[in-house]
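Below: query.txt (compact mmCIF, C-alpha atoms)
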```
# COMPACT_ATOMS: atom_id res chain seq x y z
CA MET L 1 -84.23 -31.25 58.51
CA THR L 2 -86.96 -33.87 58.49
CA ASP L 3 -90.29 -32.39 59.57
CA ARG L 4 -91.25 -34.93 62.19
CA THR L 5 -94.67 -34.21 63.64
CA SER L 6 -94.79 -36.97 66.25
CA SER L 7 -92.43 -38.31 68.88
CA PRO L 8 -92.72 -41.79 70.40
CA MET L 9 -90.69 -40.55 73.37
CA LEU L 10 -93.01 -37.61 73.99
CA ASP L 11 -95.98 -39.98 73.73
CA ARG L 12 -94.41 -42.18 76.42
CA LEU L 13 -93.89 -39.21 78.70
CA ARG L 14 -97.44 -38.02 78.16
CA ALA L 15 -98.66 -41.35 79.51
CA VAL L 16 -96.74 -40.96 82.79
CA GLU L 17 -98.83 -40.21 85.87
CA TRP L 18 -96.44 -37.88 87.64
CA MET L 19 -98.33 -37.74 90.90
CA GLY L 20 -100.48 -40.82 90.51
CA ASP L 21 -101.34 -43.77 92.68
CA TRP L 22 -99.07 -44.04 95.75
CA ASP L 23 -99.59 -47.79 96.07
CA TYR L 24 -98.56 -48.33 92.44
CA ALA L 25 -95.34 -46.33 92.88
CA PHE L 26 -94.55 -47.99 96.22
CA GLY L 27 -95.09 -51.42 94.67
CA HIS L 28 -92.37 -50.62 92.11
CA VAL L 29 -89.92 -48.94 94.47
CA MET L 30 -87.22 -51.61 94.14
CA SER L 31 -87.18 -51.63 90.35
CA ARG L 32 -87.29 -47.83 90.37
CA ARG L 33 -84.23 -47.78 92.59
CA VAL L 34 -82.17 -50.00 90.27
CA LEU L 35 -83.34 -47.98 87.26
CA LEU L 36 -82.30 -44.74 88.92
CA ARG L 37 -78.90 -46.21 89.77
CA GLU L 38 -78.45 -47.21 86.14
CA TYR L 39 -79.47 -43.75 84.92
CA LEU L 40 -76.93 -42.11 87.27
CA ARG L 41 -74.22 -44.45 85.97
CA ARG L 42 -75.04 -43.65 82.35
CA ALA L 43 -75.33 -39.94 83.08
CA ALA L 44 -71.84 -40.04 84.62
CA LEU L 45 -70.46 -41.63 81.43
CA TRP L 46 -72.14 -39.09 79.15
CA ALA L 47 -71.13 -36.15 81.33
CA GLN L 48 -67.52 -37.31 81.34
CA VAL L 49 -67.41 -37.79 77.56
CA TYR L 50 -68.62 -34.20 76.97
CA SER L 51 -66.69 -32.71 79.92
CA VAL L 52 -69.86 -31.40 81.56
CA GLU L 53 -69.46 -33.10 84.93
CA SER L 54 -70.91 -30.04 86.66
CA GLU L 55 -74.25 -30.65 84.89
CA TRP L 56 -74.63 -34.18 86.32
CA PRO L 57 -76.99 -35.83 87.11
CA PHE L 58 -80.21 -34.40 85.62
CA PHE L 59 -79.49 -32.54 82.40
CA ASP L 60 -80.20 -32.28 78.68
CA VAL L 61 -77.12 -33.78 77.05
CA THR L 62 -78.26 -33.01 73.50
CA GLN L 63 -77.03 -29.43 73.68
CA TYR L 64 -73.51 -30.83 74.07
CA VAL L 65 -73.85 -33.67 71.56
CA ASP L 66 -74.95 -31.23 68.83
CA PRO L 67 -75.11 -27.58 69.95
CA GLU L 68 -76.84 -26.55 66.70
CA PHE L 69 -79.64 -29.11 66.93
CA ASP L 70 -83.23 -27.87 67.18
CA LEU L 71 -86.49 -29.76 67.36
CA PRO L 72 -88.97 -29.29 64.52
CA LEU L 73 -91.22 -26.36 65.36
CA LYS L 74 -94.38 -28.40 65.87
CA LEU L 75 -92.65 -30.91 68.13
CA ALA L 76 -90.92 -28.13 70.06
CA SER L 77 -94.31 -26.47 70.62
CA GLU L 78 -95.90 -29.74 71.78
CA LEU L 79 -93.01 -30.39 74.16
CA GLU L 80 -93.20 -26.89 75.61
CA GLU L 81 -96.93 -27.27 76.20
CA TYR L 82 -96.42 -30.66 77.84
CA LEU L 83 -93.74 -29.40 80.22
CA GLY L 84 -96.39 -27.37 82.02
CA HIS L 85 -97.68 -30.68 83.39
CA VAL L 86 -94.25 -31.89 84.63
CA PRO L 87 -93.78 -31.26 88.35
CA SER L 88 -90.17 -30.17 88.92
CA GLY L 89 -87.20 -28.58 87.22
CA ALA L 90 -84.92 -31.63 87.38
CA VAL L 91 -87.62 -33.87 85.94
CA ARG L 92 -88.44 -31.32 83.22
CA ARG L 93 -84.79 -31.12 82.15
CA THR L 94 -84.62 -34.87 81.69
CA CYS L 95 -87.90 -34.95 79.78
CA VAL L 96 -86.53 -32.31 77.42
CA GLY L 97 -83.31 -34.29 77.09
CA ALA L 98 -85.13 -37.56 76.42
CA VAL L 99 -87.27 -36.07 73.64
CA ARG L 100 -84.41 -34.12 72.07
CA LEU L 101 -81.91 -36.99 72.15
CA ALA L 102 -84.45 -39.41 70.67
CA GLU L 103 -85.22 -36.91 67.92
CA LEU L 104 -81.55 -36.27 67.18
CA ARG L 105 -80.96 -40.02 66.94
CA ALA L 106 -83.94 -40.37 64.55
CA GLN L 107 -82.74 -37.54 62.33
CA ASN L 108 -79.00 -38.16 62.43
CA PRO L 109 -78.00 -41.47 64.04
CA THR L 110 -74.29 -40.90 63.40
CA ALA L 111 -74.34 -37.77 65.56
CA VAL L 112 -75.12 -39.81 68.68
CA PRO L 113 -72.12 -41.53 70.30
CA ASP L 114 -71.89 -45.25 70.90
CA LEU L 115 -72.90 -45.03 74.55
CA PRO L 116 -75.78 -46.73 76.38
CA ASP L 117 -79.06 -44.88 75.85
CA LEU L 118 -78.93 -42.17 78.49
CA TYR L 119 -82.58 -41.59 79.26
CA GLU L 120 -84.19 -45.02 78.82
CA PRO L 121 -83.68 -46.14 82.46
CA LEU L 122 -85.06 -42.85 83.74
CA VAL L 123 -88.10 -42.91 81.44
CA LEU L 124 -88.82 -46.46 82.64
CA PHE L 125 -88.45 -45.15 86.19
CA TYR L 126 -91.07 -42.47 85.45
CA GLU L 127 -93.39 -45.00 83.82
CA ARG L 128 -93.22 -47.23 86.91
CA GLY L 129 -94.44 -44.62 89.38
CA GLY L 130 -93.93 -41.02 88.38
CA GLU L 131 -91.58 -38.38 89.70
CA PHE L 132 -88.85 -38.25 92.31
CA VAL L 133 -88.65 -35.42 94.84
CA ARG L 134 -85.49 -33.88 96.31
CA ASP L 135 -85.39 -33.22 100.03
CA ASN L 136 -83.27 -30.72 101.97
CA ALA L 137 -80.79 -33.39 103.07
CA GLY L 138 -79.72 -34.32 99.53
CA PHE L 139 -81.87 -37.42 99.23
CA LEU L 140 -84.30 -38.29 96.45
CA ASP L 141 -87.72 -39.50 97.60
CA LEU L 142 -88.76 -42.36 95.32
CA THR L 143 -92.19 -42.79 96.94
CA GLY L 144 -91.50 -45.31 99.64
CA ALA L 145 -87.71 -45.13 99.79
CA LEU L 146 -85.04 -42.46 100.16
CA PHE L 147 -82.11 -42.62 97.75
CA ARG L 148 -78.85 -40.69 98.02
CA PRO L 149 -77.53 -40.02 94.50
CA GLY L 150 -73.90 -39.93 95.58
CA THR L 151 -71.23 -38.49 93.27
CA LEU L 152 -70.45 -38.75 89.59
CA GLN L 153 -67.11 -40.39 90.33
CA GLY L 154 -68.84 -42.92 92.53
CA HIS L 155 -70.99 -44.09 89.62
CA LEU L 156 -68.20 -44.40 87.06
CA GLY L 157 -67.14 -48.02 86.75
CA THR L 158 -70.07 -49.45 88.68
CA THR L 159 -71.82 -52.57 87.41
CA PRO L 160 -74.12 -51.85 84.43
CA LEU L 161 -77.73 -52.97 84.52
CA SER L 162 -77.88 -55.49 81.68
CA ALA L 163 -81.65 -55.97 81.22
CA LEU L 164 -84.51 -53.46 81.33
CA SER L 165 -87.48 -55.64 80.36
CA ASP L 166 -90.74 -55.56 82.29
CA THR L 167 -90.29 -59.25 83.17
CA VAL L 168 -86.98 -58.55 84.86
CA LEU L 169 -88.09 -55.34 86.55
CA ASN L 170 -91.32 -56.91 87.84
CA ALA L 171 -89.30 -59.76 89.34
CA VAL L 172 -87.24 -57.26 91.32
CA ASP L 173 -90.25 -55.63 92.97
CA ALA L 174 -91.25 -57.15 96.28
CA GLU L 175 -92.65 -56.19 99.65
CA GLY L 176 -90.31 -56.11 102.63
CA ARG L 177 -86.58 -55.85 103.15
CA VAL L 178 -84.89 -58.08 100.57
CA SER L 179 -81.49 -59.78 100.55
CA TYR L 180 -80.26 -61.83 97.55
CA TYR L 181 -77.95 -64.83 97.53
CA THR L 182 -76.43 -67.22 95.04
CA ALA L 183 -73.69 -69.85 94.94
CA ALA L 184 -70.15 -68.48 95.20
CA ASP L 185 -69.14 -70.50 92.14
CA GLY L 186 -71.83 -68.82 90.06
CA GLN L 187 -73.54 -72.11 89.30
CA GLY L 188 -76.36 -72.00 91.81
CA PRO L 189 -79.88 -70.59 91.77
CA LEU L 190 -80.90 -67.08 92.76
CA LEU L 191 -82.33 -66.99 96.27
CA ARG L 192 -83.84 -64.18 98.25
CA ARG L 193 -84.92 -63.58 101.82
CA ARG L 194 -87.75 -61.10 102.41
CA GLU L 195 -88.15 -59.76 105.90
CA LEU L 196 -91.64 -58.47 106.54
CA ARG L 197 -93.03 -56.97 109.70
CA ASP L 198 -94.11 -60.25 111.25
CA GLU L 199 -92.67 -62.96 109.00
CA GLN L 200 -89.72 -64.04 106.90
CA CYS L 201 -90.06 -65.46 103.38
CA ASP L 202 -87.31 -67.43 101.64
CA GLU L 203 -87.78 -67.77 97.90
CA LEU L 204 -86.13 -69.15 94.77
CA PHE L 205 -86.38 -67.57 91.29
CA THR L 206 -87.29 -70.43 88.96
CA ARG L 207 -87.01 -70.91 85.22
CA ASN L 208 -90.77 -70.45 85.17
CA LEU L 209 -89.88 -66.82 86.01
CA ARG L 210 -91.61 -66.90 89.38
CA TRP L 211 -90.46 -66.60 92.95
CA GLU L 212 -91.37 -69.79 94.78
CA PRO L 213 -90.88 -70.84 98.44
CA THR L 214 -87.61 -72.61 99.23
CA ASP L 215 -85.70 -74.03 102.19
CA GLN L 216 -82.31 -73.43 100.56
CA VAL L 217 -81.56 -70.16 102.42
CA PRO L 218 -79.64 -70.94 105.65
CA GLY L 219 -80.53 -69.21 108.88
CA SER L 220 -77.32 -67.33 109.67
CA THR L 221 -74.42 -65.59 107.94
CA GLY L 222 -72.06 -68.35 109.05
CA ASP L 223 -74.37 -70.99 107.64
CA MET L 224 -74.52 -69.03 104.35
CA LYS L 225 -70.74 -69.26 104.03
CA ASP L 226 -70.74 -72.93 104.93
CA ALA L 227 -73.35 -73.51 102.23
CA GLY L 228 -71.18 -71.72 99.65
CA LEU L 229 -73.55 -68.77 99.25
CA VAL L 230 -72.62 -65.14 98.68
CA GLU L 231 -74.82 -62.07 99.01
CA LEU L 232 -75.55 -60.00 95.89
CA ASP L 233 -76.33 -56.32 95.65
CA GLU L 234 -79.52 -55.30 93.87
CA ILE L 235 -77.85 -54.67 90.50
CA GLU L 236 -76.05 -58.02 90.56
CA ALA L 237 -79.30 -59.75 91.48
CA THR L 238 -81.22 -57.94 88.75
CA ASN L 239 -78.61 -58.95 86.18
CA LEU L 240 -78.86 -62.57 87.31
CA ILE L 241 -82.64 -62.39 86.94
CA GLY L 242 -82.05 -61.04 83.44
CA ALA L 243 -79.78 -63.96 82.59
CA ILE L 244 -82.35 -66.46 83.87
CA VAL L 245 -85.09 -64.77 81.86
CA ALA L 246 -82.91 -64.78 78.73
CA ASN L 247 -82.23 -68.51 79.06
CA SER L 248 -85.70 -69.62 80.12
CA PRO L 249 -87.88 -71.79 77.87
CA ARG L 250 -90.23 -69.76 75.68
```
Whole structure, structure tokens version:
Amino acid sequence: MTDRTSSPMLDRLRAVEWMGDWDYAFGHVMSRRVLLREYLRRAALWAQVYSVESEWPFFDVTQYVDPEFDLPLKLASELEEYLGHVPSGAVRRTCVGAVRLAELRAQNPTAVPDLPDLYEPLVLFYERGGEFVRDNAGFLDLTGALFRPGTLQGHLGTTPLSALSDTVLNAVDAEGRVSYYTAADGQGPLLRRRELRDEQCDELFTRNLRWEPTDQVPGSTGDMKDAGLVELDEIEATNLIGAIVANSPR
């Protein structure tokens, strides 16, 4: 076994402010929601592959990928010490899983199945505002929004999140209640309507990778249909942002 004495994943987790600035977390609540949805989708896939559906959603999958795998002693000690700073059991389990799976992949890439990286969306979620908190009604408090995790079966087959870059995730974050629209033929721009407490903002995502004011969003649902627009969910909108970013001039 290679004696690795450092872990980029553990270093990332050490930089997370678990109970940090509320305004920072609230300002990223929309991107955190899409990241959590993507993690739950990936966790459903991994749990199904290893027949550990009962462990979903917050678990250390490495013990099922390679039951005999152990971290190097120094890294295991550093991880154990760090976990004392992590606020809850569900979050701790995923931190352990993220470090262990990254280490297993570094030591033995062929041992890790050809599945989307399980923990990357969740680590990005943590980096963009810290922990989540469970409430007694089954919701997760994402700091500014409540999220019901649903069921494993409900996440199998849902639309994957195709881009996880900061540019894409930052473009998702916005104040207010947001609805997204684009042309039904798939050829039109990405539009959004933000409803704030005392105003409404209609915006267009441009190839300059900015939201800019627009008058292309009709006033009513009927007018939307007449204009050939369809509403997108947040994952579909995020993927369209990712496609625009990928094809924008550099």
Atom-to-atom span, CA of Asp11 in chain L and CA of Pro160 in chain L, Å: 27.1 Å
For Ile244 in chain L, the nearest of the candidates L:Lys225, L:Arg197, L:Arg41, L:Arg210, counting only C-alpha atoms: L:Arg210
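Among the candidates L:Val178, L:Asp117, L:Val52, L:Trp18, the residue lying nearest to Arg92 in chain L is L:Trp18 (atoms considered: only C-alpha atoms).
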Coordinates-based distance that separates CA of Leu161 in chain L from CA of Glu17 in chain L (Å, one decimal): 24.7 Å
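With CA of Ile241 in chain L on one side and CA of Gln153 in chain L on the other, the separation reads 27.1 Å.
When only C-alpha atoms are used to measure the gap to Tyr180 in chain L, the shortest distance among L:Glu195, L:Asp223, L:Asp202, L:Glu231 belongs to L:Glu231.
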Residues within 9 Å of Val123 in chain L, all atoms listed in the file, excluding chain neighbours under 6 positions, as a PyMOL selection string: chain L and resi 9+12-13+16+94-95+98
Report as a PDB file with C-alpha atoms, in the coordinates of the input all protein, DNA and RNA residues lying within 12 Å of Asp226 in chain L, evaluated on only C-alpha atoms, omitting residues in the same chain fewer than 4 positions from it.
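Dumped everything to around04.pdb:
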```
ATOM      1  CA  ALA L 183     -73.690 -69.850  94.940  1.00  0.00           C
ATOM      2  CA  ALA L 184     -70.150 -68.480  95.200  1.00  0.00           C
ATOM      3  CA  VAL L 217     -81.560 -70.160 102.420  1.00  0.00           C
ATOM      4  CA  PRO L 218     -79.640 -70.940 105.650  1.00  0.00           C
ATOM      5  CA  GLY L 219     -80.530 -69.210 108.880  1.00  0.00           C
ATOM      6  CA  SER L 220     -77.320 -67.330 109.670  1.00  0.00           C
ATOM      7  CA  THR L 221     -74.420 -65.590 107.940  1.00  0.00           C
ATOM      8  CA  GLY L 222     -72.060 -68.350 109.050  1.00  0.00           C
ATOM      9  CA  VAL L 230     -72.620 -65.140  98.680  1.00  0.00           C
TER      10      VAL L 230
END
```
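The closest residue to Ser6 in chain L, picked from L:Ala25, L:Leu45, L:Lys74, L:Leu104 and counting all atoms listed in the file, is L:Lys74.
Distance check against Gly130 in chain L using only C-alpha atoms: of L:Gly144, L:Gly20, L:Pro189, L:Gly228, the minimum falls on L:Gly20.
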Among the residues L:Ser7, L:Ser31, L:Leu118, L:Thr110, the one that comes closest to Phe59 in chain L [using all atoms listed in the file]: L:Leu118
